[in-house]
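What follows is a short report on a single structure.
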Amino acid sequence: MRRAAFFALVLALATPARAQEVPAGQKRNGFTLETHIGTQVVNLTGVGNVGLIQGGVFAGYKIDRFIFGLGFDLARVATSMSQPGGDTSQADTVFEFVPGVRVAIVRSKDQRVELFGEFDLGLGTTVHEQSPTPANQPSRTNFNLSYQIGPGIRFWAHPQFAIGALVGVRGDYAYEKDSSTILGTTTTTSTSSTTTGIFAALQLLGVF
């Protein structure tokens, strides 16, 4: 009888201690959905669009410190001009599919605040729009490749919801080929550009 009472007391004391060792600051595993919005704040090389707002969504899976997934990003630049011959406008819309990974590097004891690293690799295209449409509009093929890497800070306001901020380096490579035919003669021109800069972004993350 005394032994049973002793073991019951030991079990009662050990259970709270074990519960305290597992912080409940964030859900450990689960499906993740992230929305983000960011901008390039400084150009280091090349001619880029400082101040261009780019946003998107990122869906994946969280395994403790790691989040793997695939994102979709969208950015749009539009210009217009008024002149005696009529108004003209031009717009470029960038679509990218972005596989990426986020890794929690350092966490607070309660796991509600963490320093994380992010790496994304984007692949996509640019859609050009022009009004009025030129009479001899060329056939256009383009290709975009980008990456962004940097550290961020994330705060878990709820075990399934976090707010994050990220600053890092972003690189963009764009290739474009235009083919036009005038009087039976086809002319092909190609251009490429590379831009590297500093970007900043805000993120909202949910784990389900």
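Going by the structure tokens order, chains are called A, B, ..., each with residues numbered from 1, while ligands are numbered from 1 in the order shown.
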List as a tab-separated table every residue of segment 99-150 of chain A that is in contact with segment 87-95 of chain A, defined as an atom at most 6 Å from one of its atoms (using only C-alpha atoms), together with the nearest atom pair and the distance in Å rounded to one decimal, sorted by chain and then rising number.
```
residue	atom	partner	partner_atom	distance
A:Gly124	CA	A:Phe95	CA	5.4
A:Thr125	CA	A:Phe95	CA	5.6
A:Thr126	CA	A:Val94	CA	4.4
A:Val127	CA	A:Thr93	CA	5.2
A:His128	CA	A:Asp92	CA	4.7
A:Glu129	CA	A:Ala91	CA	5.1
A:Gln130	CA	A:Gln90	CA	4.4
A:Ser131	CA	A:Ser89	CA	5.2
```
Keeping C-alpha atoms for every residue in the selection just given, could you write it to a file as a short mmCIF file (atom, residue, chain, number, x, y, z; two decimals), in the first residue's frame?
```
data_model
loop_
_atom_site.label_atom_id
_atom_site.label_comp_id
_atom_site.auth_asym_id
_atom_site.auth_seq_id
_atom_site.Cartn_x
_atom_site.Cartn_y
_atom_site.Cartn_z
CA GLY A 124 8.33 32.87 -64.35
CA THR A 125 7.49 35.23 -67.18
CA THR A 126 6.46 38.82 -67.89
CA VAL A 127 3.31 39.80 -69.76
CA HIS A 128 3.60 43.09 -71.69
CA GLU A 129 0.54 45.23 -72.43
CA GLN A 130 0.56 48.33 -74.62
CA SER A 131 -2.24 50.66 -75.71
#
```
Contacts of Val167 of chain A at 8 Å or less, counting only C-alpha atoms, minus same-chain residues fewer than 4 places along, as a list of chain:residue names?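 Contacts, with the query itself left out: A:Gly150, A:Pro151, A:Gly152, A:Ile198, A:Phe199, A:Ala200, A:Ala201.
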Go ahead and write the residues just picked, N, CA and C atoms, as a PDB file, in the first residue's frame.
```pdb
ATOM      1  N   GLY A 150      17.726  35.647 -46.979  1.00  0.00           N
ATOM      2  CA  GLY A 150      17.960  36.588 -45.893  1.00  0.00           C
ATOM      3  C   GLY A 150      17.400  36.108 -44.568  1.00  0.00           C
ATOM      4  N   PRO A 151      17.710  36.826 -43.499  1.00  0.00           N
ATOM      5  CA  PRO A 151      17.208  36.495 -42.163  1.00  0.00           C
ATOM      6  C   PRO A 151      15.935  37.269 -41.850  1.00  0.00           C
ATOM      7  N   GLY A 152      15.155  36.705 -40.940  1.00  0.00           N
ATOM      8  CA  GLY A 152      13.941  37.375 -40.510  1.00  0.00           C
ATOM      9  C   GLY A 152      13.626  37.064 -39.064  1.00  0.00           C
ATOM     10  N   ILE A 198      18.623  44.975 -52.256  1.00  0.00           N
ATOM     11  CA  ILE A 198      18.175  44.666 -50.901  1.00  0.00           C
ATOM     12  C   ILE A 198      16.651  44.779 -50.862  1.00  0.00           C
ATOM     13  N   PHE A 199      15.992  43.765 -50.325  1.00  0.00           N
ATOM     14  CA  PHE A 199      14.532  43.777 -50.251  1.00  0.00           C
ATOM     15  C   PHE A 199      14.086  43.656 -48.795  1.00  0.00           C
ATOM     16  N   ALA A 200      12.850  44.042 -48.552  1.00  0.00           N
ATOM     17  CA  ALA A 200      12.226  43.896 -47.241  1.00  0.00           C
ATOM     18  C   ALA A 200      10.805  43.391 -47.442  1.00  0.00           C
ATOM     19  N   ALA A 201      10.325  42.553 -46.520  1.00  0.00           N
ATOM     20  CA  ALA A 201       8.992  41.956 -46.676  1.00  0.00           C
ATOM     21  C   ALA A 201       8.346  41.722 -45.318  1.00  0.00           C
TER      22      ALA A 201
END
```
Between A:Pro84, A:Gly197, A:Gly168, A:Gly69, which is the closest to Arg102 of chain A once you count only C-alpha atoms?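 Nearest candidate to Arg102 of chain A out of A:Pro84, A:Gly197, A:Gly168, A:Gly69: A:Gly69.
For Pro99 of chain A, the residues within 8 Å (counting only C-alpha atoms, excluding itself and residues fewer than 2 positions away along the chain) are Phe68, Gly69, Leu70, Gly71, Phe97, Val101, Asp120, Leu121 and Gly122 of chain A.
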Selected residues, N, CA and C atoms, written as a PDB file, in the first residue's frame, please.
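Final output, out_7.pdb:
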```
ATOM      1  N   PHE A  68       8.778  23.762 -45.845  1.00  0.00           N
ATOM      2  CA  PHE A  68       9.025  23.581 -47.275  1.00  0.00           C
ATOM      3  C   PHE A  68       7.736  23.878 -48.031  1.00  0.00           C
ATOM      4  N   GLY A  69       7.870  24.494 -49.225  1.00  0.00           N
ATOM      5  CA  GLY A  69       6.649  24.767 -49.959  1.00  0.00           C
ATOM      6  C   GLY A  69       6.876  25.395 -51.307  1.00  0.00           C
ATOM      7  N   LEU A  70       5.767  25.800 -51.923  1.00  0.00           N
ATOM      8  CA  LEU A  70       5.761  26.424 -53.243  1.00  0.00           C
ATOM      9  C   LEU A  70       4.907  27.674 -53.183  1.00  0.00           C
ATOM     10  N   GLY A  71       5.436  28.767 -53.740  1.00  0.00           N
ATOM     11  CA  GLY A  71       4.723  30.024 -53.714  1.00  0.00           C
ATOM     12  C   GLY A  71       4.376  30.536 -55.100  1.00  0.00           C
ATOM     13  N   PHE A  97       6.485  31.331 -60.169  1.00  0.00           N
ATOM     14  CA  PHE A  97       6.303  30.220 -59.236  1.00  0.00           C
ATOM     15  C   PHE A  97       7.588  30.086 -58.431  1.00  0.00           C
ATOM     16  N   VAL A 101      12.236  27.491 -48.893  1.00  0.00           N
ATOM     17  CA  VAL A 101      12.377  26.854 -47.584  1.00  0.00           C
ATOM     18  C   VAL A 101      12.601  27.940 -46.543  1.00  0.00           C
ATOM     19  N   ASP A 120      14.387  31.481 -51.386  1.00  0.00           N
ATOM     20  CA  ASP A 120      13.384  31.264 -52.418  1.00  0.00           C
ATOM     21  C   ASP A 120      14.046  31.335 -53.787  1.00  0.00           C
ATOM     22  N   LEU A 121      13.539  30.520 -54.713  1.00  0.00           N
ATOM     23  CA  LEU A 121      14.022  30.522 -56.090  1.00  0.00           C
ATOM     24  C   LEU A 121      12.811  30.629 -57.001  1.00  0.00           C
ATOM     25  N   GLY A 122      12.720  31.756 -57.749  1.00  0.00           N
ATOM     26  CA  GLY A 122      11.549  32.006 -58.570  1.00  0.00           C
ATOM     27  C   GLY A 122      11.791  31.773 -60.055  1.00  0.00           C
TER      28      GLY A 122
END
```
Looking at A:Val57, A:Leu166, A:Ala157, A:Leu205, which one is nearest to Glu118 of chain A, with distances taken over only C-alpha atoms? A:Leu166
Find the residue from A:Val77, A:Ile53, A:Leu44, A:Ala24 that sits nearest to Leu202 of chain A; use only C-alpha atoms when measuring.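 Using only C-alpha atoms, Leu202 of chain A sits closest to A:Ile53.
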To test your reading of the structure, identify every residue in segment 51-97 of chain A that backbone DSSP assigns to strand (DSSP E or B), and report it as a ChimeraX atom specification. /A:53-63,66-81,88-97
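Of the listed residues A:Thr79, A:Gln111, A:Thr196, A:Asn144, the one whose atoms come nearest to Lys27 of chain A is A:Gln111, with distances taken using only C-alpha atoms.
Considering the residues A:Glu114, A:Glu96, A:Asp73, A:Glu34 and counting only C-alpha atoms, Trp156 of chain A has its shortest atom-to-atom contact with A:Glu114.
When atom CA of Ile105 of chain A is paired with atom CA of Ala165 of chain A, their separation reads 14.7 Å.
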Nearest to Thr191 of chain A, chosen from A:Arg140, A:Arg112, A:His36, A:Arg28, with only C-alpha atoms counted in the distances: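 Selected residue with least distance to Thr191 of chain A: A:Arg140.
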